[in-house]
file coords_30.cif (mmCIF, C-alpha atoms)
data_protein
loop_
_atom_site.group_PDB
_atom_site.id
_atom_site.type_symbol
_atom_site.label_atom_id
_atom_site.label_comp_id
_atom_site.auth_asym_id
_atom_site.auth_seq_id
_atom_site.Cartn_x
_atom_site.Cartn_y
_atom_site.Cartn_z
ATOM 1 C CA SER A 277 10.823 -6.731 -7.877
ATOM 2 C CA THR A 278 8.396 -4.841 -10.093
ATOM 3 C CA GLN A 279 11.126 -2.833 -11.808
ATOM 4 C CA SER A 280 13.203 -5.851 -12.777
ATOM 5 C CA THR A 281 10.090 -7.712 -13.993
ATOM 6 C CA TRP A 282 9.086 -4.686 -16.038
ATOM 7 C CA ALA A 283 12.620 -4.353 -17.451
ATOM 8 C CA LEU A 284 12.704 -8.037 -18.445
ATOM 9 C CA HIS A 285 9.301 -7.653 -20.075
ATOM 10 C CA MET A 286 10.588 -4.696 -22.081
ATOM 11 C CA VAL A 287 13.715 -6.587 -23.192
ATOM 12 C CA ASN A 288 11.994 -9.899 -23.952
ATOM 13 C CA ASN A 289 8.939 -8.413 -25.620
ATOM 14 C CA VAL A 290 8.937 -8.982 -29.395
ATOM 15 C CA HIS A 291 6.678 -5.990 -29.977
ATOM 16 C CA PRO A 292 8.395 -2.599 -30.102
ATOM 17 C CA GLN A 293 7.497 -0.225 -27.281
ATOM 18 C CA THR A 294 6.847 3.494 -27.682
ATOM 19 C CA LEU A 295 7.362 6.177 -25.087
ATOM 20 C CA CYS A 296 5.992 9.677 -25.616
ATOM 21 C CA VAL A 297 7.462 12.554 -23.627
ATOM 22 C CA GLY A 298 5.901 16.007 -23.592
ATOM 23 C CA LEU A 299 7.484 19.376 -22.895
ATOM 24 C CA SER A 300 5.662 22.568 -22.022
ATOM 25 C CA VAL A 301 7.012 26.120 -21.953
ATOM 26 C CA GLU A 302 5.111 28.177 -19.368
ATOM 27 C CA THR A 303 5.208 31.704 -18.000
ATOM 28 C CA LEU A 304 6.658 32.407 -14.564
ATOM 29 C CA GLU A 305 3.141 33.257 -13.324
ATOM 30 C CA THR A 306 1.858 29.842 -14.405
ATOM 31 C CA LEU A 307 4.748 28.114 -12.644
ATOM 32 C CA GLN A 308 4.072 30.053 -9.447
ATOM 33 C CA ASN A 309 0.421 28.953 -9.585
ATOM 34 C CA LEU A 310 1.575 25.354 -9.954
ATOM 35 C CA GLU A 311 3.534 25.614 -6.704
ATOM 36 C CA GLY A 312 0.238 25.992 -4.848
ATOM 37 C CA GLU A 313 -1.138 22.968 -6.679
ATOM 38 C CA GLY A 314 2.021 21.059 -5.752
ATOM 39 C CA ALA A 315 1.381 21.767 -2.081
ATOM 40 C CA LYS A 316 -2.181 20.447 -2.439
ATOM 41 C CA THR A 317 -0.870 17.370 -4.243
ATOM 42 C CA ARG A 318 1.648 16.763 -1.443
ATOM 43 C CA GLU A 319 -1.111 17.165 1.136
ATOM 44 C CA VAL A 320 -3.285 14.625 -0.689
ATOM 45 C CA TYR A 321 -0.286 12.262 -1.014
ATOM 46 C CA LEU A 322 0.469 12.461 2.714
ATOM 47 C CA SER A 323 -3.193 12.003 3.555
ATOM 48 C CA ARG A 324 -3.348 8.874 1.394
ATOM 49 C CA LYS A 325 -0.193 7.510 3.033
ATOM 50 C CA ALA A 326 -1.745 8.095 6.461
ATOM 51 C CA ASP A 327 -4.976 6.390 5.351
ATOM 52 C CA LEU A 328 -3.018 3.407 4.023
ATOM 53 C CA ALA A 329 -1.010 3.144 7.254
ATOM 54 C CA LYS A 330 -4.257 3.223 9.241
ATOM 55 C CA LYS A 331 -5.808 0.544 7.024
ATOM 56 C CA ILE A 332 -2.727 -1.675 7.424
ATOM 57 C CA GLY A 333 -2.749 -1.144 11.202
ATOM 58 C CA GLU A 334 -6.429 -2.030 11.389
ATOM 59 C CA ASP A 335 -5.821 -5.133 9.306
ATOM 60 C CA LEU A 336 -3.030 -6.261 11.661
ATOM 61 C CA TYR A 337 -5.254 -5.593 14.692
ATOM 62 C CA ASN A 338 -8.120 -7.623 13.200
ATOM 63 C CA PHE A 339 -5.755 -10.441 12.238
ATOM 64 C CA LEU A 340 -4.336 -10.612 15.756
ATOM 65 C CA GLN A 341 -7.852 -10.525 17.239
ATOM 66 C CA SER A 342 -8.573 -13.775 15.415
ATOM 67 C CA PHE A 343 -6.097 -15.429 17.835
ATOM 68 C CA ALA A 344 -7.762 -14.057 20.981
ATOM 69 C CA LYS A 345 -8.730 -16.618 23.582
ATOM 70 C CA GLN A 346 -10.434 -16.516 26.976
ATOM 71 C CA ASP A 347 -9.405 -18.515 29.997
ATOM 72 C CA MET A 348 -11.754 -19.878 32.658
ATOM 73 C CA SER A 349 -11.833 -16.544 34.478
ATOM 74 C CA GLN A 350 -12.880 -14.760 31.268
ATOM 75 C CA LYS A 351 -9.516 -13.003 30.897
ATOM 76 C CA GLU A 352 -8.510 -12.511 27.287
ATOM 77 C CA TYR A 353 -5.101 -13.424 25.971
ATOM 78 C CA LEU A 354 -3.423 -13.939 22.612
ATOM 79 C CA LEU A 355 -1.872 -17.245 21.726
ATOM 80 C CA VAL A 356 -0.084 -16.723 18.413
ATOM 81 C CA PRO A 357 2.275 -18.816 16.333
ATOM 82 C CA SER A 358 5.911 -17.685 16.234
ATOM 83 C CA ASN A 359 5.609 -16.814 12.532
ATOM 84 C CA ILE A 360 2.550 -14.601 13.020
ATOM 85 C CA LEU A 361 4.011 -11.579 11.248
ATOM 86 C CA ASP A 362 5.102 -13.677 8.273
ATOM 87 C CA LYS A 363 1.568 -15.031 7.943
ATOM 88 C CA TRP A 364 0.106 -11.550 8.235
ATOM 89 C CA MET A 365 2.511 -10.107 5.634
ATOM 90 C CA GLU A 366 1.527 -12.895 3.207
ATOM 91 C CA ARG A 367 -2.119 -12.067 3.864
ATOM 92 C CA VAL A 368 -1.585 -8.348 3.221
ATOM 93 C CA ALA A 369 0.432 -9.062 0.048
ATOM 94 C CA SER A 370 -2.392 -11.274 -1.194
ATOM 95 C CA LYS A 371 -4.995 -8.598 -0.420
ATOM 96 C CA ILE A 372 -2.950 -5.974 -2.260
ATOM 97 C CA GLU A 373 -2.480 -8.279 -5.256
ATOM 98 C CA PHE A 374 -6.119 -9.336 -5.567
ATOM 99 C CA SER A 375 -8.028 -6.316 -4.275
ATOM 100 C CA ALA A 376 -7.443 -2.942 -5.880
ATOM 101 C CA LYS A 377 -9.600 -1.373 -3.171
ATOM 102 C CA PHE A 378 -7.250 -2.410 -0.325
ATOM 103 C CA CYS A 379 -4.808 0.425 -1.111
ATOM 104 C CA ASP A 380 -7.482 3.019 -1.894
#

call {"tool": "encode", "arguments": {"input": "coords_30.cif", "output": "structure tokens"}}
result
Amino acid sequence: STQSTWALHMVNNVHPQTLCVGLSVETLETLQNLEGEGAKTREVYLSRKADLAKKIGEDLYNFLQSFAKQDMSQKEYLLVPSNILDKWMERVASKIEFSAKFCD
């Protein structure tokens, strides 16, 4: 997983790592204003999740369409291998790894 890889990198790295943490003391009014910003941030987050789910769904649909066939009477059907979802998941993982735009 990413966390364990990152942790091993931190432990095995010969160069020291630095982490800077900031702290801010704000007025109650400022904090109340941030609550509104938090709601907007949550809305944007949920919108992005919905967009990503739609993009993944569209990718699965397009992948399955590549297996569409027509019989003699022009009826369409899908003839897919039994490991179709495994192949699709590998394809999506590859797209995510090599294309930063896939998740945008």

call {"tool": "resolve_selection", "arguments": {"input": "coords_30.cif", "expression": "the PyMOL selection byres ((chain A and resi 333-337) around 12)", "output": "compact mmCIF listing (two decimals) with C-alpha atoms, in the coordinates of the input"}}
result
# COMPACT_ATOMS: atom_id res chain seq x y z
CA ALA A 326 -1.74 8.10 6.46
CA ASP A 327 -4.98 6.39 5.35
CA LEU A 328 -3.02 3.41 4.02
CA ALA A 329 -1.01 3.14 7.25
CA LYS A 330 -4.26 3.22 9.24
CA LYS A 331 -5.81 0.54 7.02
CA ILE A 332 -2.73 -1.68 7.42
CA ASN A 338 -8.12 -7.62 13.20
CA PHE A 339 -5.76 -10.44 12.24
CA LEU A 340 -4.34 -10.61 15.76
CA GLN A 341 -7.85 -10.52 17.24
CA SER A 342 -8.57 -13.78 15.42
CA PHE A 343 -6.10 -15.43 17.84
CA ALA A 344 -7.76 -14.06 20.98
CA LEU A 354 -3.42 -13.94 22.61
CA ILE A 360 2.55 -14.60 13.02
CA LEU A 361 4.01 -11.58 11.25
CA ASP A 362 5.10 -13.68 8.27
CA LYS A 363 1.57 -15.03 7.94
CA TRP A 364 0.11 -11.55 8.24
CA MET A 365 2.51 -10.11 5.63
CA GLU A 366 1.53 -12.90 3.21
CA ARG A 367 -2.12 -12.07 3.86
CA VAL A 368 -1.58 -8.35 3.22
CA ALA A 369 0.43 -9.06 0.05
CA LYS A 371 -5.00 -8.60 -0.42
CA ILE A 372 -2.95 -5.97 -2.26
CA PHE A 378 -7.25 -2.41 -0.32
CA CYS A 379 -4.81 0.42 -1.11

call {"tool": "atom_distance", "arguments": {"input": "coords_30.cif", "atom1": "CA of Val356 in chain A", "atom2": "CA of Lys377 in chain A"}}
result
28.1 Å

call {"tool": "atom_distance", "arguments": {"input": "coords_30.cif", "atom1": "CA of Ser375 in chain A", "atom2": "CA of Lys316 in chain A"}}
result
27.5 Å

call {"tool": "atom_distance", "arguments": {"input": "coords_30.cif", "atom1": "CA of Tyr321 in chain A", "atom2": "CA of Leu299 in chain A"}}
result
24.3 Å

call {"tool": "build_atoms", "arguments": {"input": "coords_30.cif", "residues": "range 323-334 of chain A", "atoms": "all heavy atoms", "output": "PDB file, in the coordinates of the input"}}
result
ATOM      1  N   SER A 323      -1.926  12.478   3.008  1.00  0.00           N
ATOM      2  CA  SER A 323      -3.193  12.003   3.555  1.00  0.00           C
ATOM      3  C   SER A 323      -3.450  10.556   3.134  1.00  0.00           C
ATOM      4  O   SER A 323      -3.881   9.726   3.943  1.00  0.00           O
ATOM      5  CB  SER A 323      -4.332  12.901   3.081  1.00  0.00           C
ATOM      6  OG  SER A 323      -5.570  12.396   3.496  1.00  0.00           O
ATOM      7  N   ARG A 324      -3.159  10.245   1.879  1.00  0.00           N
ATOM      8  CA  ARG A 324      -3.348   8.874   1.394  1.00  0.00           C
ATOM      9  C   ARG A 324      -2.395   7.914   2.089  1.00  0.00           C
ATOM     10  O   ARG A 324      -2.765   6.784   2.402  1.00  0.00           O
ATOM     11  CB  ARG A 324      -3.161   8.807  -0.123  1.00  0.00           C
ATOM     12  CG  ARG A 324      -4.326   9.370  -0.876  1.00  0.00           C
ATOM     13  CD  ARG A 324      -4.181   9.159  -2.348  1.00  0.00           C
ATOM     14  NE  ARG A 324      -5.351   9.664  -3.053  1.00  0.00           N
ATOM     15  CZ  ARG A 324      -5.405   9.819  -4.344  1.00  0.00           C
ATOM     16  NH1 ARG A 324      -4.379   9.500  -5.092  1.00  0.00           N
ATOM     17  NH2 ARG A 324      -6.491  10.283  -4.909  1.00  0.00           N
ATOM     18  N   LYS A 325      -1.148   8.364   2.322  1.00  0.00           N
ATOM     19  CA  LYS A 325      -0.193   7.510   3.033  1.00  0.00           C
ATOM     20  C   LYS A 325      -0.690   7.234   4.448  1.00  0.00           C
ATOM     21  O   LYS A 325      -0.614   6.110   4.935  1.00  0.00           O
ATOM     22  CB  LYS A 325       1.183   8.179   3.091  1.00  0.00           C
ATOM     23  CG  LYS A 325       1.984   8.042   1.815  1.00  0.00           C
ATOM     24  CD  LYS A 325       3.336   8.690   1.914  1.00  0.00           C
ATOM     25  CE  LYS A 325       4.257   7.927   2.807  1.00  0.00           C
ATOM     26  NZ  LYS A 325       5.639   8.414   2.797  1.00  0.00           N
ATOM     27  N   ALA A 326      -1.224   8.266   5.103  1.00  0.00           N
ATOM     28  CA  ALA A 326      -1.745   8.095   6.461  1.00  0.00           C
ATOM     29  C   ALA A 326      -2.939   7.150   6.455  1.00  0.00           C
ATOM     30  O   ALA A 326      -3.060   6.287   7.333  1.00  0.00           O
ATOM     31  CB  ALA A 326      -2.129   9.451   7.050  1.00  0.00           C
ATOM     32  N   ASP A 327      -3.814   7.284   5.455  1.00  0.00           N
ATOM     33  CA  ASP A 327      -4.976   6.390   5.351  1.00  0.00           C
ATOM     34  C   ASP A 327      -4.530   4.949   5.131  1.00  0.00           C
ATOM     35  O   ASP A 327      -5.091   4.029   5.725  1.00  0.00           O
ATOM     36  CB  ASP A 327      -5.904   6.827   4.208  1.00  0.00           C
ATOM     37  CG  ASP A 327      -6.642   8.116   4.515  1.00  0.00           C
ATOM     38  OD1 ASP A 327      -6.683   8.521   5.690  1.00  0.00           O
ATOM     39  OD2 ASP A 327      -7.176   8.725   3.560  1.00  0.00           O
ATOM     40  N   LEU A 328      -3.519   4.754   4.280  1.00  0.00           N
ATOM     41  CA  LEU A 328      -3.018   3.407   4.023  1.00  0.00           C
ATOM     42  C   LEU A 328      -2.392   2.812   5.285  1.00  0.00           C
ATOM     43  O   LEU A 328      -2.633   1.654   5.619  1.00  0.00           O
ATOM     44  CB  LEU A 328      -2.003   3.411   2.881  1.00  0.00           C
ATOM     45  CG  LEU A 328      -1.407   2.049   2.515  1.00  0.00           C
ATOM     46  CD1 LEU A 328      -2.493   1.050   2.141  1.00  0.00           C
ATOM     47  CD2 LEU A 328      -0.395   2.203   1.399  1.00  0.00           C
ATOM     48  N   ALA A 329      -1.616   3.619   6.003  1.00  0.00           N
ATOM     49  CA  ALA A 329      -1.010   3.144   7.254  1.00  0.00           C
ATOM     50  C   ALA A 329      -2.095   2.747   8.254  1.00  0.00           C
ATOM     51  O   ALA A 329      -1.985   1.714   8.930  1.00  0.00           O
ATOM     52  CB  ALA A 329      -0.099   4.218   7.848  1.00  0.00           C
ATOM     53  N   LYS A 330      -3.147   3.538   8.336  1.00  0.00           N
ATOM     54  CA  LYS A 330      -4.257   3.223   9.241  1.00  0.00           C
ATOM     55  C   LYS A 330      -4.933   1.924   8.820  1.00  0.00           C
ATOM     56  O   LYS A 330      -5.227   1.070   9.655  1.00  0.00           O
ATOM     57  CB  LYS A 330      -5.273   4.369   9.239  1.00  0.00           C
ATOM     58  CG  LYS A 330      -6.445   4.131  10.151  1.00  0.00           C
ATOM     59  CD  LYS A 330      -7.421   5.283  10.107  1.00  0.00           C
ATOM     60  CE  LYS A 330      -8.625   4.972  10.976  1.00  0.00           C
ATOM     61  NZ  LYS A 330      -9.681   5.967  10.837  1.00  0.00           N
ATOM     62  N   LYS A 331      -5.163   1.756   7.523  1.00  0.00           N
ATOM     63  CA  LYS A 331      -5.808   0.544   7.024  1.00  0.00           C
ATOM     64  C   LYS A 331      -4.947  -0.685   7.313  1.00  0.00           C
ATOM     65  O   LYS A 331      -5.452  -1.731   7.716  1.00  0.00           O
ATOM     66  CB  LYS A 331      -6.053   0.678   5.515  1.00  0.00           C
ATOM     67  CG  LYS A 331      -6.972  -0.360   4.949  1.00  0.00           C
ATOM     68  CD  LYS A 331      -7.280  -0.092   3.499  1.00  0.00           C
ATOM     69  CE  LYS A 331      -8.400   0.917   3.418  1.00  0.00           C
ATOM     70  NZ  LYS A 331      -8.939   1.053   2.072  1.00  0.00           N
ATOM     71  N   ILE A 332      -3.630  -0.560   7.146  1.00  0.00           N
ATOM     72  CA  ILE A 332      -2.727  -1.675   7.424  1.00  0.00           C
ATOM     73  C   ILE A 332      -2.724  -1.987   8.925  1.00  0.00           C
ATOM     74  O   ILE A 332      -2.770  -3.151   9.328  1.00  0.00           O
ATOM     75  CB  ILE A 332      -1.312  -1.382   6.899  1.00  0.00           C
ATOM     76  CG1 ILE A 332      -1.321  -1.427   5.366  1.00  0.00           C
ATOM     77  CG2 ILE A 332      -0.296  -2.363   7.457  1.00  0.00           C
ATOM     78  CD1 ILE A 332      -0.049  -0.964   4.710  1.00  0.00           C
ATOM     79  N   GLY A 333      -2.692  -0.944   9.747  1.00  0.00           N
ATOM     80  CA  GLY A 333      -2.749  -1.144  11.202  1.00  0.00           C
ATOM     81  C   GLY A 333      -4.032  -1.827  11.634  1.00  0.00           C
ATOM     82  O   GLY A 333      -4.019  -2.737  12.473  1.00  0.00           O
ATOM     83  N   GLU A 334      -5.146  -1.409  11.062  1.00  0.00           N
ATOM     84  CA  GLU A 334      -6.429  -2.030  11.389  1.00  0.00           C
ATOM     85  C   GLU A 334      -6.460  -3.484  10.942  1.00  0.00           C
ATOM     86  O   GLU A 334      -6.997  -4.352  11.647  1.00  0.00           O
ATOM     87  CB  GLU A 334      -7.582  -1.257  10.723  1.00  0.00           C
ATOM     88  CG  GLU A 334      -7.856   0.079  11.359  1.00  0.00           C
ATOM     89  CD  GLU A 334      -8.863   0.908  10.586  1.00  0.00           C
ATOM     90  OE1 GLU A 334      -9.237   0.541   9.440  1.00  0.00           O
ATOM     91  OE2 GLU A 334      -9.291   1.948  11.122  1.00  0.00           O
TER      92      GLU A 334
END
